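coords.pdb (PDB, C-alpha atoms)
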```pdb
MODEL        1
ATOM      1  CA  MET A 174      22.047 -45.002 -67.571
ATOM      2  CA  ASP A 175      19.569 -42.274 -66.940
ATOM      3  CA  GLU A 176      20.284 -38.663 -65.991
ATOM      4  CA  GLU A 177      18.545 -39.130 -62.620
ATOM      5  CA  ARG A 178      21.044 -41.831 -61.576
ATOM      6  CA  SER A 179      23.970 -39.502 -62.279
ATOM      7  CA  GLU A 180      22.358 -36.890 -60.024
ATOM      8  CA  ARG A 181      22.118 -39.412 -57.148
ATOM      9  CA  LEU A 182      25.797 -40.335 -57.340
ATOM     10  CA  PRO A 183      27.884 -39.177 -54.396
ATOM     11  CA  LEU A 184      29.489 -35.793 -54.785
ATOM     12  CA  PHE A 185      32.890 -35.954 -56.523
ATOM     13  CA  TYR A 186      31.958 -38.982 -58.635
ATOM     14  CA  SER A 187      30.704 -39.161 -62.200
ATOM     15  CA  LEU A 188      29.732 -41.731 -64.780
ATOM     16  CA  ASP A 189      31.566 -42.082 -68.090
ATOM     17  CA  GLU A 190      29.130 -43.561 -70.595
ATOM     18  CA  SER A 191      31.090 -42.811 -73.767
ATOM     19  CA  ASP A 192      31.206 -46.537 -74.603
ATOM     20  CA  PRO A 193      27.656 -47.907 -75.161
ATOM     21  CA  ASP A 194      28.585 -51.269 -73.596
ATOM     22  CA  ILE A 195      30.464 -50.076 -70.498
ATOM     23  CA  VAL A 196      29.680 -47.635 -67.706
ATOM     24  CA  ILE A 197      32.775 -46.345 -65.913
ATOM     25  CA  LEU A 198      32.605 -44.800 -62.442
ATOM     26  CA  ARG A 199      35.242 -42.086 -62.020
ATOM     27  CA  ARG A 200      36.298 -39.611 -59.354
ATOM     28  CA  SER A 201      35.890 -35.990 -60.417
ATOM     29  CA  SER A 202      39.681 -35.926 -60.945
ATOM     30  CA  GLY A 203      39.121 -38.459 -63.741
ATOM     31  CA  GLY A 204      40.554 -41.332 -61.683
ATOM     32  CA  PHE A 205      39.111 -44.772 -62.460
ATOM     33  CA  VAL A 206      37.010 -46.412 -59.725
ATOM     34  CA  ALA A 207      35.047 -49.258 -61.366
ATOM     35  CA  ALA A 208      33.568 -50.470 -64.655
ATOM     36  CA  PHE A 209      30.142 -52.016 -65.166
ATOM     37  CA  SER A 210      28.330 -53.643 -68.061
ATOM     38  CA  ALA A 211      25.860 -51.085 -69.413
ATOM     39  CA  ARG A 212      23.185 -53.786 -69.509
ATOM     40  CA  GLY A 213      23.697 -55.040 -65.956
ATOM     41  CA  ALA A 214      24.689 -51.923 -64.026
ATOM     42  CA  THR A 215      22.359 -51.092 -61.165
ATOM     43  CA  GLU A 216      22.146 -47.849 -59.260
ATOM     44  CA  GLY A 217      22.854 -49.688 -56.013
ATOM     45  CA  SER A 218      26.034 -51.348 -57.294
ATOM     46  CA  ILE A 219      27.374 -48.075 -58.697
ATOM     47  CA  ILE A 220      26.667 -46.146 -55.486
ATOM     48  CA  GLU A 221      28.145 -48.993 -53.407
ATOM     49  CA  ALA A 222      31.359 -48.872 -55.486
ATOM     50  CA  ALA A 223      31.601 -45.101 -54.920
ATOM     51  CA  GLN A 224      31.081 -45.555 -51.171
ATOM     52  CA  GLU A 225      33.739 -48.288 -50.973
ATOM     53  CA  ASP A 226      36.153 -46.049 -52.870
ATOM     54  CA  TYR A 227      35.436 -43.232 -50.396
ATOM     55  CA  GLN A 228      36.171 -45.570 -47.467
ATOM     56  CA  GLN A 229      39.480 -46.604 -49.030
ATOM     57  CA  LEU A 230      40.443 -42.968 -49.621
ATOM     58  CA  LEU A 231      39.649 -42.205 -45.994
ATOM     59  CA  ALA A 232      41.647 -45.175 -44.702
ATOM     60  CA  ARG A 233      44.673 -44.122 -46.764
ATOM     61  CA  ALA A 234      44.365 -40.520 -45.569
ATOM     62  CA  LEU A 235      44.148 -41.614 -41.919
ATOM     63  CA  ALA A 236      47.108 -43.973 -42.338
ATOM     64  CA  ARG A 237      49.208 -41.223 -43.920
ATOM     65  CA  GLU A 238      48.339 -38.864 -41.067
ATOM     66  CA  SER A 239      49.149 -41.390 -38.339
ATOM     67  CA  GLY A 240      52.000 -43.226 -40.051
ATOM     68  CA  ARG A 241      50.340 -46.571 -39.304
ATOM     69  CA  ARG A 242      48.463 -49.263 -41.192
ATOM     70  CA  ALA A 243      45.206 -48.051 -42.684
ATOM     71  CA  PRO A 244      42.385 -49.098 -40.313
ATOM     72  CA  SER A 245      39.010 -50.249 -41.461
ATOM     73  CA  ILE A 246      36.345 -47.834 -40.232
ATOM     74  CA  ASP A 247      34.656 -50.831 -38.594
ATOM     75  CA  GLU A 248      37.750 -51.311 -36.393
ATOM     76  CA  LEU A 249      37.195 -47.910 -34.809
ATOM     77  CA  PRO A 250      35.164 -47.878 -31.576
ATOM     78  CA  GLU A 251      33.659 -44.425 -32.085
ATOM     79  CA  HIS A 252      30.414 -44.011 -33.977
ATOM     80  CA  LEU A 253      31.890 -42.828 -37.278
ATOM     81  CA  ALA A 254      30.430 -41.399 -40.478
ATOM     82  CA  ILE A 255      32.110 -40.126 -43.619
ATOM     83  CA  LEU A 256      30.359 -37.173 -45.256
ATOM     84  CA  ASP A 257      30.833 -35.463 -48.580
ATOM     85  CA  ARG A 258      30.974 -31.686 -48.937
ATOM     86  CA  SER A 259      27.187 -31.413 -49.072
ATOM     87  CA  GLY A 260      26.781 -33.164 -45.706
ATOM     88  CA  SER A 261      25.515 -36.418 -47.230
ATOM     89  CA  ILE A 262      26.622 -39.588 -45.495
ATOM     90  CA  MET A 263      28.889 -41.666 -47.726
ATOM     91  CA  ALA A 264      29.669 -44.427 -45.222
ATOM     92  CA  VAL A 265      29.144 -45.328 -41.569
ATOM     93  CA  ASN A 266      30.810 -47.941 -39.403
ATOM     94  CA  THR A 267      29.242 -50.836 -37.520
ATOM     95  CA  ALA A 268      29.292 -48.931 -34.213
ATOM     96  CA  TRP A 269      27.226 -46.118 -35.818
ATOM     97  CA  LYS A 270      24.600 -48.575 -37.112
ATOM     98  CA  ARG A 271      24.484 -50.479 -33.816
ATOM     99  CA  PHE A 272      23.955 -47.270 -31.836
ATOM    100  CA  ALA A 273      21.096 -46.268 -34.163
ATOM    101  CA  ARG A 274      19.395 -49.663 -33.807
ATOM    102  CA  ASN A 275      19.907 -49.852 -30.037
ATOM    103  CA  ASN A 276      18.422 -46.399 -29.533
ATOM    104  CA  GLY A 277      15.259 -46.762 -31.576
ATOM    105  CA  ALA A 278      16.422 -45.013 -34.734
ATOM    106  CA  GLU A 279      15.780 -46.430 -38.172
ATOM    107  CA  PRO A 280      19.353 -47.084 -39.422
ATOM    108  CA  SER A 281      18.409 -46.229 -43.017
ATOM    109  CA  LYS A 282      17.412 -42.724 -41.881
ATOM    110  CA  VAL A 283      20.874 -41.997 -40.417
ATOM    111  CA  SER A 284      23.116 -43.905 -42.819
ATOM    112  CA  GLU A 285      24.446 -43.860 -46.368
ATOM    113  CA  GLY A 286      22.700 -41.445 -48.714
ATOM    114  CA  VAL A 287      21.074 -39.334 -45.978
ATOM    115  CA  ASN A 288      22.107 -35.718 -45.399
ATOM    116  CA  TYR A 289      23.443 -35.578 -41.828
ATOM    117  CA  LEU A 290      22.916 -31.835 -41.557
ATOM    118  CA  GLY A 291      19.213 -32.498 -42.135
ATOM    119  CA  VAL A 292      19.199 -35.266 -39.512
ATOM    120  CA  CYS A 293      20.666 -32.878 -36.917
ATOM    121  CA  GLU A 294      18.367 -30.016 -37.873
ATOM    122  CA  ARG A 295      15.219 -32.187 -37.643
ATOM    123  CA  ALA A 296      16.099 -33.675 -34.246
ATOM    124  CA  THR A 297      13.347 -33.361 -31.646
ATOM    125  CA  GLY A 298      12.965 -34.205 -27.996
ATOM    126  CA  GLU A 299      15.025 -33.661 -24.897
ATOM    127  CA  HIS A 300      18.450 -32.158 -25.645
ATOM    128  CA  SER A 301      17.643 -31.674 -29.356
ATOM    129  CA  GLU A 302      19.178 -28.193 -29.097
ATOM    130  CA  TYR A 303      22.572 -29.937 -28.950
ATOM    131  CA  ALA A 304      21.880 -31.515 -32.342
ATOM    132  CA  GLN A 305      21.145 -28.034 -33.733
ATOM    133  CA  THR A 306      24.441 -26.756 -32.302
ATOM    134  CA  PHE A 307      26.279 -29.747 -33.749
ATOM    135  CA  ALA A 308      24.756 -28.991 -37.171
ATOM    136  CA  GLU A 309      26.096 -25.430 -36.916
ATOM    137  CA  GLY A 310      29.573 -26.749 -36.075
ATOM    138  CA  LEU A 311      29.432 -29.286 -38.884
ATOM    139  CA  ARG A 312      28.385 -26.544 -41.280
ATOM    140  CA  SER A 313      31.320 -24.376 -40.125
ATOM    141  CA  VAL A 314      33.711 -27.163 -41.114
ATOM    142  CA  ILE A 315      32.053 -28.176 -44.373
ATOM    143  CA  PHE A 316      31.222 -24.700 -45.674
ATOM    144  CA  GLY A 317      32.980 -22.214 -43.423
ATOM    145  CA  GLY A 318      36.621 -23.111 -43.739
ATOM    146  CA  GLU A 319      37.148 -24.381 -40.167
ATOM    147  CA  GLU A 320      39.459 -27.408 -39.980
ATOM    148  CA  ARG A 321      37.662 -29.075 -37.087
ATOM    149  CA  PHE A 322      34.836 -28.791 -34.590
ATOM    150  CA  ALA A 323      34.138 -30.594 -31.294
ATOM    151  CA  MET A 324      31.463 -30.376 -28.634
ATOM    152  CA  GLU A 325      30.393 -32.307 -25.559
ATOM    153  CA  TYR A 326      26.701 -33.118 -25.181
ATOM    154  CA  PRO A 327      24.304 -35.265 -23.128
ATOM    155  CA  CYS A 328      22.520 -38.137 -24.862
ATOM    156  CA  HIS A 329      20.573 -39.861 -22.100
ATOM    157  CA  SER A 330      18.445 -42.914 -22.722
ATOM    158  CA  PRO A 331      15.405 -43.893 -20.642
ATOM    159  CA  THR A 332      17.614 -46.282 -18.642
ATOM    160  CA  GLN A 333      20.984 -44.538 -18.465
ATOM    161  CA  ARG A 334      22.691 -41.175 -18.348
ATOM    162  CA  ARG A 335      25.236 -40.775 -21.180
ATOM    163  CA  TRP A 336      27.526 -38.084 -22.536
ATOM    164  CA  PHE A 337      29.399 -37.920 -25.824
ATOM    165  CA  VAL A 338      31.955 -35.775 -27.585
ATOM    166  CA  GLY A 339      31.065 -35.160 -31.212
ATOM    167  CA  ARG A 340      33.922 -34.256 -33.535
ATOM    168  CA  VAL A 341      34.136 -33.153 -37.153
ATOM    169  CA  VAL A 342      37.400 -33.107 -39.100
ATOM    170  CA  LEU A 343      37.871 -32.158 -42.727
ATOM    171  CA  LEU A 344      40.390 -34.262 -44.642
ATOM    172  CA  PRO A 345      41.482 -33.192 -48.099
ATOM    173  CA  GLN A 346      42.055 -36.243 -50.299
ATOM    174  CA  ASN A 347      43.345 -35.391 -53.778
ATOM    175  CA  ASP A 348      40.520 -33.312 -55.226
ATOM    176  CA  LEU A 349      38.007 -34.573 -52.648
ATOM    177  CA  LEU A 350      37.193 -33.082 -49.285
ATOM    178  CA  ILE A 351      35.932 -35.667 -46.831
ATOM    179  CA  ALA A 352      34.328 -34.712 -43.531
ATOM    180  CA  ILE A 353      34.680 -37.284 -40.787
ATOM    181  CA  VAL A 354      32.108 -37.205 -38.004
ATOM    182  CA  ALA A 355      32.813 -39.214 -34.853
ATOM    183  CA  HIS A 356      30.789 -39.486 -31.661
ATOM    184  CA  GLU A 357      32.729 -40.852 -28.678
ATOM    185  CA  ASN A 358      31.030 -42.048 -25.502
ATOM    186  CA  ILE A 359      32.666 -40.213 -22.563
ATOM    187  CA  THR A 360      30.153 -41.250 -19.894
ATOM    188  CA  GLY A 361      32.760 -42.941 -17.701
ATOM    189  CA  ARG A 362      34.978 -39.866 -17.649
ATOM    190  CA  LYS A 363      32.012 -37.561 -17.074
ATOM    191  CA  LEU A 364      30.719 -39.599 -14.128
ATOM    192  CA  LEU A 365      34.185 -39.591 -12.549
ATOM    193  CA  THR A 366      34.350 -35.791 -12.712
ATOM    194  CA  GLU A 367      30.886 -35.509 -11.123
ATOM    195  CA  GLN A 368      31.960 -37.480  -8.024
TER     196      GLN A 368
ENDMDL
END
```
If you convert what's in this file into structure tokens, what do you get?
Amino acid sequence: MDEERSERLPLFYSLDESDPDIVILRRSSGGFVAAFSARGATEGSIIEAAQEDYQQLLARALARESGRRAPSIDELPEHLAILDRSGSIMAVNTAWKRFARNNGAEPSKVSEGVNYLGVCERATGEHSEYAQTFAEGLRSVIFGGEERFAMEYPCHSPTQRRWFVGRVVLLPQNDLLIAIVAHENITGRKLLTEQ
């Protein structure tokens, strides 16, 4: 493996290449995640294994908190992303990807591997100031020691008026800190209060 690949690994993961025939993906705690043949390991498969491990850690943390079965992030209706401590997206659910596609965004520019703080900070157009404010709130959770952040914001499309609540929660998981970002459509509730 090359040094550059190790630098692109998600935060809190490392490669153990002490055996010339095997590459082992580990959490920063030393915990085993996956093993790969040194000859056949690809960057994509290693990063995918780290992302799947992150999703499993999140599901276990959510199940512990709620006392219920661990849900798959794709079972959740909110647009959901899991971020590492740098703000990079580790995983997104199907609802997140669908919303991106349906609203003219390139899913690869708002999905795994992209820094979500950067996405919010580069937002342009009507109501982009809300994205800047959300980035500040996200930063306060990731770097500032806040446990959570939430804000309501408009996100109108050319054909419909919509409002969302964006939430950020920090979940400690062993030696990892996972930030969960969820955007919930509250248009129905908002329209009822306007009547």
Could you tell me, as number ranges by chain, exactly which residues end up selected when the PyMOL selection byres ((chain A and resi 328-334) around 12) is applied to this structure? A: 272, 275-277, 298-304, 325-327, 335-339, 356-361, 363-364
Writer output for current selection, C-alpha atoms, as a tab-separated table (two decimals), keeping the file's coordinate frame:
```
chain	number	residue	atom	x	y	z
A	272	PHE	CA	23.96	-47.27	-31.84
A	275	ASN	CA	19.91	-49.85	-30.04
A	276	ASN	CA	18.42	-46.40	-29.53
A	277	GLY	CA	15.26	-46.76	-31.58
A	298	GLY	CA	12.96	-34.20	-28.00
A	299	GLU	CA	15.02	-33.66	-24.90
A	300	HIS	CA	18.45	-32.16	-25.64
A	301	SER	CA	17.64	-31.67	-29.36
A	302	GLU	CA	19.18	-28.19	-29.10
A	303	TYR	CA	22.57	-29.94	-28.95
A	304	ALA	CA	21.88	-31.52	-32.34
A	325	GLU	CA	30.39	-32.31	-25.56
A	326	TYR	CA	26.70	-33.12	-25.18
A	327	PRO	CA	24.30	-35.26	-23.13
A	335	ARG	CA	25.24	-40.78	-21.18
A	336	TRP	CA	27.53	-38.08	-22.54
A	337	PHE	CA	29.40	-37.92	-25.82
A	338	VAL	CA	31.96	-35.78	-27.58
A	339	GLY	CA	31.06	-35.16	-31.21
A	356	HIS	CA	30.79	-39.49	-31.66
A	357	GLU	CA	32.73	-40.85	-28.68
A	358	ASN	CA	31.03	-42.05	-25.50
A	359	ILE	CA	32.67	-40.21	-22.56
A	360	THR	CA	30.15	-41.25	-19.89
A	361	GLY	CA	32.76	-42.94	-17.70
A	363	LYS	CA	32.01	-37.56	-17.07
A	364	LEU	CA	30.72	-39.60	-14.13
```
Could you list, with a cut-off of 6 Å and counting all atoms listed in the file, the residues of range 203-227 of chain A near range 192-199 of chain A, each shown with its nearest atom pair and the distance in Å rounded to one decimal, rows sorted by chain and ascending number, as JSON lines?
```
{"residue": "A:Gly203", "atom": "CA", "partner": "A:Arg199", "partner_atom": "CA", "distance": 5.6}
{"residue": "A:Gly204", "atom": "CA", "partner": "A:Arg199", "partner_atom": "CA", "distance": 5.4}
{"residue": "A:Phe205", "atom": "CA", "partner": "A:Arg199", "partner_atom": "CA", "distance": 4.7}
{"residue": "A:Val206", "atom": "CA", "partner": "A:Arg199", "partner_atom": "CA", "distance": 5.2}
{"residue": "A:Ala207", "atom": "CA", "partner": "A:Leu198", "partner_atom": "CA", "distance": 5.2}
{"residue": "A:Ala208", "atom": "CA", "partner": "A:Ile197", "partner_atom": "CA", "distance": 4.4}
{"residue": "A:Phe209", "atom": "CA", "partner": "A:Val196", "partner_atom": "CA", "distance": 5.1}
{"residue": "A:Ser210", "atom": "CA", "partner": "A:Ile195", "partner_atom": "CA", "distance": 4.8}
{"residue": "A:Ala211", "atom": "CA", "partner": "A:Ile195", "partner_atom": "CA", "distance": 4.8}
```
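Proximity of A:Arg295, A:Arg271, A:Arg258, A:Arg212 to Leu343 in chain A, computed with only C-alpha atoms, is greatest for A:Arg258.
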List the residues matched by the PyMOL selection byres ((chain A and resi 293) around 9) in the displayed structure as a VMD selection string, ordered by chain and then by residue number. chain A and resid 289 to 292 294 to 296 301 303 to 308
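Across the model, the gap from CA of Ile351 in chain A to CA of Glu221 in chain A is 16.8 Å.
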What gap, in Å, lies between CA of Glu285 in chain A and CA of Met263 in chain A? 5.1 Å
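One finds CA of Glu190 in chain A at 22.9 Å from CA of Gly286 in chain A.
Shortest separation to Asp247 in chain A among A:Ala223, A:Ile353, A:Val342, A:Val265 occurs at residue A:Val265, atoms counted being all atoms listed in the file.
Selection check: the PyMOL selection byres ((chain A and resi 268) around 7) on the shown file gives Pro250, Glu251, His252, Asn266, Thr267, Trp269, Lys270, Arg271 and Phe272 of chain A.
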To test the calculation: enclose all listed atoms of range 202-213 of chain A in a box whose edges run along x, y and z, add 5 Å on each side, then state centre and edge lengths in Å to one decimal, as lines of an AutoDock Vina configuration file.
```
center_x = 31.9
center_y = -45.5
center_z = -64.6
size_x = 27.4
size_y = 29.1
size_z = 19.8
```
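The closest residue to Val287 in chain A, picked from A:Leu344, A:Ile262, A:Ala222, A:Ala323 and counting all atoms listed in the file, is A:Ile262.
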